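Content type mmCIF, C-alpha atoms, from the file data_3.cif:
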```
data_model
#
loop_
_atom_site.group_PDB
_atom_site.id
_atom_site.type_symbol
_atom_site.label_atom_id
_atom_site.label_comp_id
_atom_site.auth_asym_id
_atom_site.auth_seq_id
_atom_site.Cartn_x
_atom_site.Cartn_y
_atom_site.Cartn_z
ATOM 1 C CA MET A 1 36.260 -46.432 58.561
ATOM 2 C CA ASP A 2 37.529 -47.971 55.316
ATOM 3 C CA SER A 3 36.792 -51.671 54.860
ATOM 4 C CA GLN A 4 39.541 -54.219 54.288
ATOM 5 C CA ILE A 5 38.744 -56.588 51.419
ATOM 6 C CA LEU A 6 40.280 -59.949 50.515
ATOM 7 C CA VAL A 7 40.078 -61.113 46.886
ATOM 8 C CA VAL A 8 40.776 -64.850 46.396
ATOM 9 C CA ASP A 9 41.243 -66.105 42.832
ATOM 10 C CA ASP A 10 43.958 -68.147 41.117
ATOM 11 C CA SER A 11 43.759 -65.819 38.124
ATOM 12 C CA ALA A 12 45.888 -62.681 38.488
ATOM 13 C CA ALA A 13 43.788 -61.175 35.684
ATOM 14 C CA ILE A 14 40.562 -61.527 37.691
ATOM 15 C CA ARG A 15 42.244 -60.159 40.835
ATOM 16 C CA LYS A 16 43.366 -57.126 38.848
ATOM 17 C CA ILE A 17 39.900 -56.579 37.354
ATOM 18 C CA LEU A 18 38.267 -56.866 40.795
ATOM 19 C CA GLN A 19 40.774 -54.358 42.240
ATOM 20 C CA ARG A 20 39.717 -51.886 39.536
ATOM 21 C CA VAL A 21 36.000 -52.605 39.901
ATOM 22 C CA LEU A 22 36.106 -52.310 43.706
ATOM 23 C CA ARG A 23 37.906 -48.943 43.514
ATOM 24 C CA GLN A 24 35.186 -47.670 41.159
ATOM 25 C CA THR A 25 32.235 -48.620 43.368
ATOM 26 C CA GLY A 26 32.266 -45.473 45.478
ATOM 27 C CA MET A 27 32.362 -47.596 48.651
ATOM 28 C CA SER A 28 34.707 -46.897 51.585
ATOM 29 C CA ILE A 29 37.410 -49.400 50.730
ATOM 30 C CA GLY A 30 40.883 -49.405 52.276
ATOM 31 C CA THR A 31 43.410 -52.103 51.404
ATOM 32 C CA ILE A 32 42.433 -54.831 48.966
ATOM 33 C CA HIS A 33 44.437 -57.936 49.842
ATOM 34 C CA GLU A 34 44.941 -60.724 47.282
ATOM 35 C CA ALA A 35 45.349 -64.497 47.549
ATOM 36 C CA GLY A 36 45.796 -67.095 44.798
ATOM 37 C CA ASP A 37 44.024 -69.940 46.611
ATOM 38 C CA GLY A 38 42.178 -70.792 49.801
ATOM 39 C CA GLN A 39 45.298 -71.758 51.720
ATOM 40 C CA GLU A 40 46.970 -68.430 51.021
ATOM 41 C CA ALA A 41 43.731 -66.648 51.930
ATOM 42 C CA LEU A 42 43.590 -68.385 55.331
ATOM 43 C CA GLU A 43 47.136 -67.157 56.062
ATOM 44 C CA ILE A 44 46.070 -63.581 55.292
ATOM 45 C CA LEU A 45 42.975 -63.968 57.485
ATOM 46 C CA LYS A 46 45.166 -65.030 60.400
ATOM 47 C CA ALA A 47 47.311 -61.906 60.081
ATOM 48 C CA ARG A 48 44.769 -59.242 59.056
ATOM 49 C CA LYS A 49 41.344 -58.003 60.037
ATOM 50 C CA ILE A 50 39.221 -58.514 56.936
ATOM 51 C CA ASP A 51 35.697 -57.103 56.530
ATOM 52 C CA LEU A 52 34.604 -58.831 53.307
ATOM 53 C CA ILE A 53 35.882 -61.641 51.097
ATOM 54 C CA LEU A 54 35.297 -62.182 47.374
ATOM 55 C CA SER A 55 36.286 -65.741 46.425
ATOM 56 C CA ASP A 56 36.478 -67.928 43.337
ATOM 57 C CA ILE A 57 35.465 -71.609 43.640
ATOM 58 C CA ASN A 58 37.766 -73.527 41.252
ATOM 59 C CA MET A 59 41.296 -73.036 42.563
ATOM 60 C CA PRO A 60 44.330 -75.265 43.156
ATOM 61 C CA ARG A 61 45.472 -76.468 46.634
ATOM 62 C CA MET A 62 42.355 -75.335 48.521
ATOM 63 C CA ASP A 63 39.272 -74.497 46.456
ATOM 64 C CA GLY A 64 36.659 -71.875 47.276
ATOM 65 C CA LEU A 65 34.198 -74.256 48.915
ATOM 66 C CA GLN A 66 36.887 -75.737 51.190
ATOM 67 C CA PHE A 67 38.009 -72.196 52.042
ATOM 68 C CA LEU A 68 34.426 -71.134 52.748
ATOM 69 C CA ALA A 69 33.928 -74.136 55.041
ATOM 70 C CA ALA A 70 37.188 -73.377 56.871
ATOM 71 C CA VAL A 71 36.239 -69.735 57.495
ATOM 72 C CA LYS A 72 32.699 -70.550 58.608
ATOM 73 C CA SER A 73 33.948 -73.186 61.053
ATOM 74 C CA SER A 74 36.207 -70.648 62.772
ATOM 75 C CA SER A 75 34.583 -68.895 65.711
ATOM 76 C CA GLU A 76 36.848 -65.859 65.178
ATOM 77 C CA ARG A 77 36.158 -65.430 61.477
ATOM 78 C CA ARG A 78 32.757 -66.949 60.747
ATOM 79 C CA HIS A 79 31.120 -63.470 60.809
ATOM 80 C CA VAL A 80 33.146 -62.294 57.768
ATOM 81 C CA PRO A 81 30.817 -62.222 54.742
ATOM 82 C CA ILE A 82 32.030 -64.208 51.721
ATOM 83 C CA ILE A 83 30.731 -63.583 48.218
ATOM 84 C CA MET A 84 31.525 -66.277 45.664
ATOM 85 C CA ILE A 85 32.554 -65.115 42.177
ATOM 86 C CA THR A 86 32.916 -68.032 39.798
ATOM 87 C CA THR A 87 32.215 -69.646 36.437
ATOM 88 C CA GLU A 88 30.455 -72.452 38.334
ATOM 89 C CA GLY A 89 26.859 -71.666 37.403
ATOM 90 C CA GLY A 90 25.577 -75.165 38.175
ATOM 91 C CA GLU A 91 22.939 -75.419 40.889
ATOM 92 C CA THR A 92 24.943 -78.043 42.792
ATOM 93 C CA LYS A 93 27.911 -75.760 43.480
ATOM 94 C CA VAL A 94 25.720 -72.738 44.204
ATOM 95 C CA ALA A 95 23.564 -74.730 46.646
ATOM 96 C CA GLU A 96 26.695 -76.068 48.324
ATOM 97 C CA ALA A 97 28.118 -72.544 48.702
ATOM 98 C CA VAL A 98 24.857 -71.288 50.219
ATOM 99 C CA ARG A 99 24.674 -74.293 52.552
ATOM 100 C CA LEU A 100 28.217 -73.578 53.745
ATOM 101 C CA GLY A 101 27.323 -69.977 54.542
ATOM 102 C CA ALA A 102 28.169 -67.855 51.474
ATOM 103 C CA SER A 103 26.566 -64.413 51.672
ATOM 104 C CA GLY A 104 26.158 -64.017 47.923
ATOM 105 C CA TYR A 105 27.058 -65.285 44.514
ATOM 106 C CA VAL A 106 28.173 -63.634 41.239
ATOM 107 C CA ARG A 107 28.656 -65.613 38.054
ATOM 108 C CA LYS A 108 31.613 -64.890 35.738
ATOM 109 C CA PRO A 109 31.511 -63.044 33.385
ATOM 110 C CA PHE A 110 30.405 -60.157 35.609
ATOM 111 C CA THR A 111 29.785 -56.443 35.205
ATOM 112 C CA ALA A 112 30.948 -53.765 37.641
ATOM 113 C CA ASP A 113 27.290 -53.109 38.524
ATOM 114 C CA GLN A 114 26.726 -56.759 39.476
ATOM 115 C CA ILE A 115 29.683 -56.614 41.867
ATOM 116 C CA LYS A 116 28.560 -53.294 43.338
ATOM 117 C CA GLU A 117 25.020 -54.613 43.846
ATOM 118 C CA LYS A 118 26.370 -57.517 45.913
ATOM 119 C CA LEU A 119 28.469 -55.194 48.101
ATOM 120 C CA VAL A 120 25.514 -53.066 49.180
ATOM 121 C CA GLY A 121 24.690 -53.891 52.763
ATOM 122 C CA PHE A 122 28.197 -55.126 53.524
ATOM 123 C CA LEU A 123 30.216 -51.946 52.882
ATOM 124 C CA GLU A 124 29.606 -48.277 53.566
ATOM 125 C CA VAL A 125 29.361 -45.697 50.811
ATOM 126 C CA ALA A 126 32.386 -43.375 50.819
ATOM 127 C CA PRO A 127 31.588 -39.808 51.984
ATOM 128 C CA LEU A 128 31.716 -37.140 49.264
ATOM 129 C CA LEU A 129 34.759 -34.903 49.686
ATOM 130 C CA MET B 1 17.999 -80.170 19.177
ATOM 131 C CA LYS B 2 20.953 -82.457 18.366
ATOM 132 C CA LEU B 3 23.910 -82.451 20.756
ATOM 133 C CA GLN B 4 26.181 -80.956 18.095
ATOM 134 C CA GLU B 5 23.779 -78.057 17.559
ATOM 135 C CA LEU B 6 23.369 -77.651 21.306
ATOM 136 C CA ILE B 7 27.136 -77.408 21.837
ATOM 137 C CA SER B 8 27.557 -75.034 18.863
ATOM 138 C CA ASP B 9 24.799 -72.798 20.197
ATOM 139 C CA SER B 10 26.269 -72.875 23.723
ATOM 140 C CA ILE B 11 29.748 -71.952 22.462
ATOM 141 C CA THR B 12 28.404 -69.030 20.428
ATOM 142 C CA ARG B 13 26.284 -67.698 23.293
ATOM 143 C CA SER B 14 29.010 -68.099 25.911
ATOM 144 C CA ALA B 15 31.869 -66.596 23.840
ATOM 145 C CA THR B 16 29.847 -63.575 22.731
ATOM 146 C CA GLU B 17 28.591 -62.984 26.302
ATOM 147 C CA VAL B 18 32.087 -63.205 27.822
ATOM 148 C CA PHE B 19 33.615 -60.836 25.257
ATOM 149 C CA SER B 20 30.735 -58.415 25.513
ATOM 150 C CA THR B 21 30.728 -58.355 29.346
ATOM 151 C CA MET B 22 34.440 -58.548 30.179
ATOM 152 C CA LEU B 23 35.982 -56.789 27.162
ATOM 153 C CA ASP B 24 33.124 -54.648 25.828
ATOM 154 C CA VAL B 25 33.735 -56.238 22.412
ATOM 155 C CA GLN B 26 31.107 -57.598 20.030
ATOM 156 C CA LEU B 27 32.439 -60.767 18.381
ATOM 157 C CA ARG B 28 31.252 -61.973 14.977
ATOM 158 C CA CYS B 29 30.830 -65.738 14.726
ATOM 159 C CA GLY B 30 31.979 -67.478 11.534
ATOM 160 C CA PRO B 31 30.748 -70.801 10.133
ATOM 161 C CA ILE B 32 30.996 -73.659 12.644
ATOM 162 C CA SER B 33 32.703 -76.838 11.407
ATOM 163 C CA ILE B 34 33.665 -80.314 12.614
ATOM 164 C CA GLU B 35 37.312 -81.304 12.893
ATOM 165 C CA ASN B 36 38.159 -84.991 12.614
ATOM 166 C CA GLY B 37 41.498 -86.644 13.332
ATOM 167 C CA ALA B 38 44.773 -84.901 14.068
ATOM 168 C CA PRO B 39 44.752 -81.143 13.466
ATOM 169 C CA GLU B 40 47.570 -79.487 11.547
ATOM 170 C CA ALA B 41 50.557 -78.015 13.367
ATOM 171 C CA SER B 42 49.760 -74.732 15.110
ATOM 172 C CA ASP B 43 51.589 -71.592 16.172
ATOM 173 C CA GLY B 44 50.447 -69.236 18.885
ATOM 174 C CA VAL B 45 48.458 -69.577 22.086
ATOM 175 C CA VAL B 46 46.246 -72.569 22.934
ATOM 176 C CA SER B 47 44.404 -73.089 26.206
ATOM 177 C CA PHE B 48 42.504 -76.183 27.348
ATOM 178 C CA ILE B 49 40.006 -77.028 30.041
ATOM 179 C CA GLY B 50 38.867 -80.579 30.763
ATOM 180 C CA LEU B 51 35.220 -81.512 31.294
ATOM 181 C CA ALA B 52 34.181 -84.666 33.105
ATOM 182 C CA GLY B 53 31.042 -86.364 34.352
ATOM 183 C CA SER B 54 28.627 -88.675 32.565
ATOM 184 C CA TRP B 55 30.045 -86.924 29.484
ATOM 185 C CA ALA B 56 33.735 -86.078 29.158
ATOM 186 C CA GLY B 57 35.919 -84.016 26.859
ATOM 187 C CA ALA B 58 37.616 -80.660 26.646
ATOM 188 C CA GLY B 59 37.123 -77.054 25.613
ATOM 189 C CA SER B 60 39.882 -75.103 23.937
ATOM 190 C CA LEU B 61 40.670 -71.592 22.759
ATOM 191 C CA VAL B 62 43.216 -70.973 19.983
ATOM 192 C CA CYS B 63 44.533 -67.573 18.929
ATOM 193 C CA SER B 64 47.584 -65.776 17.576
ATOM 194 C CA PRO B 65 50.084 -64.074 19.907
ATOM 195 C CA ALA B 66 48.836 -60.695 18.641
ATOM 196 C CA MET B 67 45.233 -61.619 19.480
ATOM 197 C CA ALA B 68 46.284 -62.885 22.933
ATOM 198 C CA CYS B 69 47.973 -59.531 23.642
ATOM 199 C CA ARG B 70 44.937 -57.663 22.388
ATOM 200 C CA ILE B 71 42.585 -59.709 24.590
ATOM 201 C CA CYS B 72 44.738 -59.035 27.653
ATOM 202 C CA ALA B 73 45.101 -55.324 26.893
ATOM 203 C CA GLN B 74 41.341 -54.904 26.498
ATOM 204 C CA MET B 75 40.497 -57.033 29.529
ATOM 205 C CA LEU B 76 42.969 -55.421 31.950
ATOM 206 C CA LEU B 77 43.189 -51.984 30.322
ATOM 207 C CA THR B 78 46.957 -52.287 30.020
ATOM 208 C CA GLU B 79 49.341 -52.122 27.085
ATOM 209 C CA GLN B 80 50.659 -55.498 25.928
ATOM 210 C CA THR B 81 53.235 -55.876 23.160
ATOM 211 C CA ALA B 82 54.490 -59.417 23.828
ATOM 212 C CA VAL B 83 53.100 -62.654 25.230
ATOM 213 C CA ASN B 84 54.026 -62.781 28.926
ATOM 214 C CA ASP B 85 52.564 -64.380 32.072
ATOM 215 C CA GLU B 86 49.889 -61.693 32.362
ATOM 216 C CA VAL B 87 48.742 -62.311 28.774
ATOM 217 C CA LEU B 88 48.663 -66.088 29.232
ATOM 218 C CA ASP B 89 46.760 -65.722 32.508
ATOM 219 C CA ALA B 90 44.161 -63.461 30.875
ATOM 220 C CA VAL B 91 43.633 -65.901 27.976
ATOM 221 C CA ALA B 92 43.379 -68.827 30.404
ATOM 222 C CA GLU B 93 40.749 -66.995 32.471
ATOM 223 C CA LEU B 94 38.813 -66.042 29.352
ATOM 224 C CA THR B 95 38.799 -69.718 28.321
ATOM 225 C CA ASN B 96 37.643 -70.642 31.810
ATOM 226 C CA MET B 97 34.695 -68.273 31.541
ATOM 227 C CA ILE B 98 33.714 -69.377 28.016
ATOM 228 C CA VAL B 99 33.977 -73.119 28.704
ATOM 229 C CA GLY B 100 32.358 -72.596 32.125
ATOM 230 C CA GLY B 101 29.399 -70.926 30.416
ATOM 231 C CA VAL B 102 29.084 -73.804 27.951
ATOM 232 C CA LYS B 103 29.307 -76.302 30.795
ATOM 233 C CA THR B 104 26.554 -74.555 32.771
ATOM 234 C CA HIS B 105 24.286 -74.531 29.719
ATOM 235 C CA LEU B 106 24.974 -78.183 28.861
ATOM 236 C CA GLU B 107 24.424 -79.379 32.444
ATOM 237 C CA SER B 108 20.662 -78.865 32.101
ATOM 238 C CA HIS B 109 20.732 -81.427 29.265
ATOM 239 C CA LEU B 110 23.607 -83.763 30.189
ATOM 240 C CA GLY B 111 23.685 -83.693 33.982
ATOM 241 C CA PRO B 112 26.450 -82.381 36.288
ATOM 242 C CA LEU B 113 29.878 -81.846 34.728
ATOM 243 C CA GLY B 114 33.189 -81.131 36.443
ATOM 244 C CA LEU B 115 35.591 -78.479 35.167
ATOM 245 C CA SER B 116 39.381 -78.720 35.434
ATOM 246 C CA LEU B 117 41.742 -75.785 35.844
ATOM 247 C CA PRO B 118 42.944 -74.327 32.520
ATOM 248 C CA THR B 119 46.231 -75.355 30.878
ATOM 249 C CA ILE B 120 47.831 -72.915 28.457
ATOM 250 C CA VAL B 121 50.528 -73.432 25.810
ATOM 251 C CA TYR B 122 52.414 -70.783 23.848
ATOM 252 C CA GLY B 123 54.811 -71.882 21.122
ATOM 253 C CA LYS B 124 55.489 -72.648 17.491
ATOM 254 C CA ASN B 125 54.847 -75.686 15.343
ATOM 255 C CA PHE B 126 53.064 -77.836 17.934
ATOM 256 C CA ARG B 127 50.213 -80.307 17.572
ATOM 257 C CA THR B 128 47.467 -81.054 20.054
ATOM 258 C CA LYS B 129 45.633 -84.357 20.177
ATOM 259 C CA SER B 130 42.635 -85.423 22.208
ATOM 260 C CA VAL B 131 42.948 -88.928 23.620
ATOM 261 C CA GLY B 132 40.093 -91.174 22.590
ATOM 262 C CA SER B 133 37.901 -88.498 21.067
ATOM 263 C CA ALA B 134 37.209 -88.198 17.372
ATOM 264 C CA GLU B 135 35.377 -84.958 16.699
ATOM 265 C CA TRP B 136 35.869 -81.341 17.711
ATOM 266 C CA ILE B 137 33.222 -78.701 17.125
ATOM 267 C CA VAL B 138 35.160 -75.676 15.864
ATOM 268 C CA ALA B 139 33.712 -72.177 16.168
ATOM 269 C CA PRO B 140 35.696 -69.261 14.699
ATOM 270 C CA PHE B 141 35.073 -65.746 16.018
ATOM 271 C CA HIS B 142 36.233 -62.492 14.487
ATOM 272 C CA TRP B 143 37.245 -59.330 16.291
ATOM 273 C CA GLU B 144 37.923 -56.829 13.509
ATOM 274 C CA ASP B 145 40.831 -58.339 11.531
ATOM 275 C CA GLU B 146 41.815 -60.951 14.153
ATOM 276 C CA THR B 147 40.361 -64.428 14.650
ATOM 277 C CA LEU B 148 40.117 -66.701 17.648
ATOM 278 C CA ILE B 149 38.792 -70.239 17.622
ATOM 279 C CA VAL B 150 36.799 -71.953 20.345
ATOM 280 C CA LYS B 151 36.704 -75.763 20.092
ATOM 281 C CA MET B 152 34.964 -78.426 22.068
ATOM 282 C CA CYS B 153 34.850 -82.205 22.077
ATOM 283 C CA LEU B 154 32.450 -84.168 24.261
ATOM 284 C CA ALA B 155 31.543 -87.852 24.358
ATOM 285 C CA PRO B 156 29.669 -90.147 26.758
ATOM 286 C CA SER B 157 31.870 -91.509 29.544
ATOM 287 C CA GLU B 158 32.128 -95.190 30.272
ATOM 288 C CA LYS B 159 32.907 -94.350 33.894
ATOM 289 C CA PRO B 160 31.644 -90.979 35.078
ATOM 290 C CA HIS B 161 34.567 -89.189 36.712
ATOM 291 C CA PHE B 162 34.837 -85.705 38.151
ATOM 292 C CA PRO B 163 38.282 -84.116 37.968
ATOM 293 C CA SER B 164 39.947 -82.831 41.093
ATOM 294 C CA HIS B 165 41.091 -79.284 40.484
ATOM 295 C CA GLY B 166 44.472 -79.003 38.856
ATOM 296 C CA SER B 167 44.886 -82.683 38.155
ATOM 297 C CA SER B 168 42.800 -83.333 35.046
ATOM 298 C CA GLN B 169 44.768 -84.454 32.002
ATOM 299 C CA THR B 170 42.312 -84.642 29.162
ATOM 300 C CA CYS B 171 44.551 -83.843 26.227
ATOM 301 C CA ALA B 172 47.866 -85.282 25.184
ATOM 302 C CA MET B 173 50.269 -82.776 23.665
ATOM 303 C CA GLU B 174 52.936 -83.346 21.049
ATOM 304 C CA VAL B 175 55.324 -80.392 20.932
#
```

Can you present the structure in this file as structure tokens?
Amino acid sequence: MDSQILVVDDSAAIRKILQRVLRQTGMSIGTIHEAGDGQEALEILKARKIDLILSDINMPRMDGLQFLAAVKSSSERRHVPIIMITTEGGETKVAEAVRLGASGYVRKPFTADQIKEKLVGFLEVAPLL
Amino acid sequence: MKLQELISDSITRSATEVFSTMLDVQLRCGPISIENGAPEASDGVVSFIGLAGSWAGAGSLVCSPAMACRICAQMLLTEQTAVNDEVLDAVAELTNMIVGGVKTHLESHLGPLGLSLPTIVYGKNFRTKSVGSAEWIVAPFHWEDETLIVKMCLAPSEKPHFPSHGSSQTCAMEV
């Protein structure tokens, strides 16, 4: 069954790039939902069944770490893996994300291969037609 | 290594890495200079990101409207003929990645630094001025016949302060 992905980033450019990269991975991916900040992402999570989340850290309203903490404190959604994709390469933010329960971390700028590598184990490979 | 050399080296490494990875473009770096006082009036696209911590300042990217469209087109694989929201968003994100890379590199020497969200301006005949800071390190980069400039100013803080996202106001703008 195709996985439902949620991409959370305040940059529409990054959301568009991730849409393209995800479609090129060869994984079984259904709908890719988009949110511009953590608050918007939580609304989508309430309404949809999401299998994997890719989230930025620096965002307005609710940042990626606050969003991560909110998801991991929810008994209904804490199982959803969250991979952080961000310019924040400092050890403090990375350690905080790991402590809060992030399943992985990709630093911007990223290649398509780096994204694909992080998805292995979370998503199924699409069957050849 | 002096701080000025460290920042210059970080800017060069970060800008070339971001362009190479996200746009598949090899930038050529021109001679790095120091800008003192008020810069001359500019036209085009300018984006800023504030840095704060035990050192504070800002990083900036300056380019022409044509270069901004070209960056967006290459980054998103779309055609862009005029500066619109998509172009400004792409330039802002590119600035975020370049300044974020510089910040990460500098943190191992200067301690933790906070990064604000980017602010972007598109217009004609405007001046930008950094409050309380004297010197900008100015690094020009060439992509075929177009140029973009990455600038950074950084000085020790009297009171270390980390910006909350979206609220940092590092630069005053005269338009």

Residues of chain A at most 10 Å from chain B: nearest atom pair and distance in Å, only C-alpha atoms, as CSV:
```
residue,atom,partner,partner_atom,distance
A:Asp10,CA,B:Glu93,CA,9.3
A:Ser11,CA,B:Asp89,CA,6.4
A:Ala12,CA,B:Asp89,CA,6.8
A:Ala13,CA,B:Ala90,CA,5.3
A:Ile14,CA,B:Glu93,CA,7.6
A:Lys16,CA,B:Leu76,CA,7.1
A:Ile17,CA,B:Leu76,CA,6.3
A:Arg20,CA,B:Leu76,CA,9.0
A:Asn58,CA,B:His165,CA,6.7
A:Met59,CA,B:His165,CA,6.6
A:Pro60,CA,B:Gly166,CA,5.7
A:Arg61,CA,B:His165,CA,8.1
A:Met62,CA,B:His165,CA,9.0
A:Asp63,CA,B:His165,CA,7.9
A:Thr86,CA,B:Met97,CA,8.4
A:Thr87,CA,B:Gly100,CA,5.2
A:Glu88,CA,B:Gly100,CA,6.5
A:Gly89,CA,B:Thr104,CA,5.5
A:Gly90,CA,B:Thr104,CA,5.5
A:Glu91,CA,B:Thr104,CA,8.9
A:Thr92,CA,B:Pro112,CA,8.0
A:Lys93,CA,B:Pro112,CA,9.9
A:Arg107,CA,B:Met97,CA,9.3
A:Lys108,CA,B:Met97,CA,6.2
A:Pro109,CA,B:Val18,CA,5.6
A:Phe110,CA,B:Thr21,CA,6.5
A:Thr111,CA,B:Thr21,CA,6.2
A:Ala112,CA,B:Thr21,CA,9.5
```

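CA of Gln66 in chain A lies 20.3 Å from CA of Lys49 in chain A.
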
> Expressed in Å to a single decimal, how great is the separation between CA of Ser55 in chain A and CA of Glu34 in chain A?
Replying inline: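 One can read the CA of Ser55 in chain A to CA of Glu34 in chain A distance as 10.0 Å.
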
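The two atoms in question, CA of Glu35 in chain B and CA of Lys129 in chain B, are spaced 11.5 Å apart.
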
How big is the axis-aligned box around the listed atoms of range 69-83 of chain A once 3 Å is added on each side, and where is its centre? Give both in Å to one decimal, as lines of an AutoDock Vina configuration file.
```
center_x = 34.0
center_y = -68.2
center_z = 57.0
size_x = 12.5
size_y = 17.9
size_z = 23.5
```

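You can rank A:Gln114, A:Arg23, A:Arg77, A:Ala95 by their closest distance to Ala47 in chain A using only C-alpha atoms, and at the top of that list sits A:Arg77.
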
>> Under the PyMOL selection byres ((chain B and resi 123) around 8), which residues of this model are included? Write them out as an MDAnalysis selection string.
In response: chainID B and resid 43:45 121:122 124:126

>> Residues within 12 Å of Cys153 in chain B, please, as a PyMOL selection string. Count all atoms listed in the file; anything in the same chain fewer than 5 positions from it doesn't count.
In response: chain B and resi 3-4+7-8+11+34-37+48-52+55-60+99+102-103+129-139+170-171

> Around (42.2, -67.8, 55.6) in the file's own coordinates, what residues are found within 12 Å if you use only C-alpha atoms, given back as a ChimeraX atom specification?
Replying inline: /A:6-8,33-50,52-53,55,62-64,66-74,76-78,80,82

> A:Val120, A:Ile29, A:Met1, A:Leu22: which is nearest Gly104 in chain A, counting all atoms listed in the file?
Replying inline: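 Between A:Val120, A:Ile29, A:Met1, A:Leu22, the residue approaching Gly104 in chain A most closely is A:Val120.
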
> When distances are computed from all atoms listed in the file, which of A:Ala102, A:Leu54, A:Val125, A:Met27 shows the smallest separation from Arg15 in chain A?
Replying inline: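 Among the listed residues, A:Leu54 lies closest to Arg15 in chain A.
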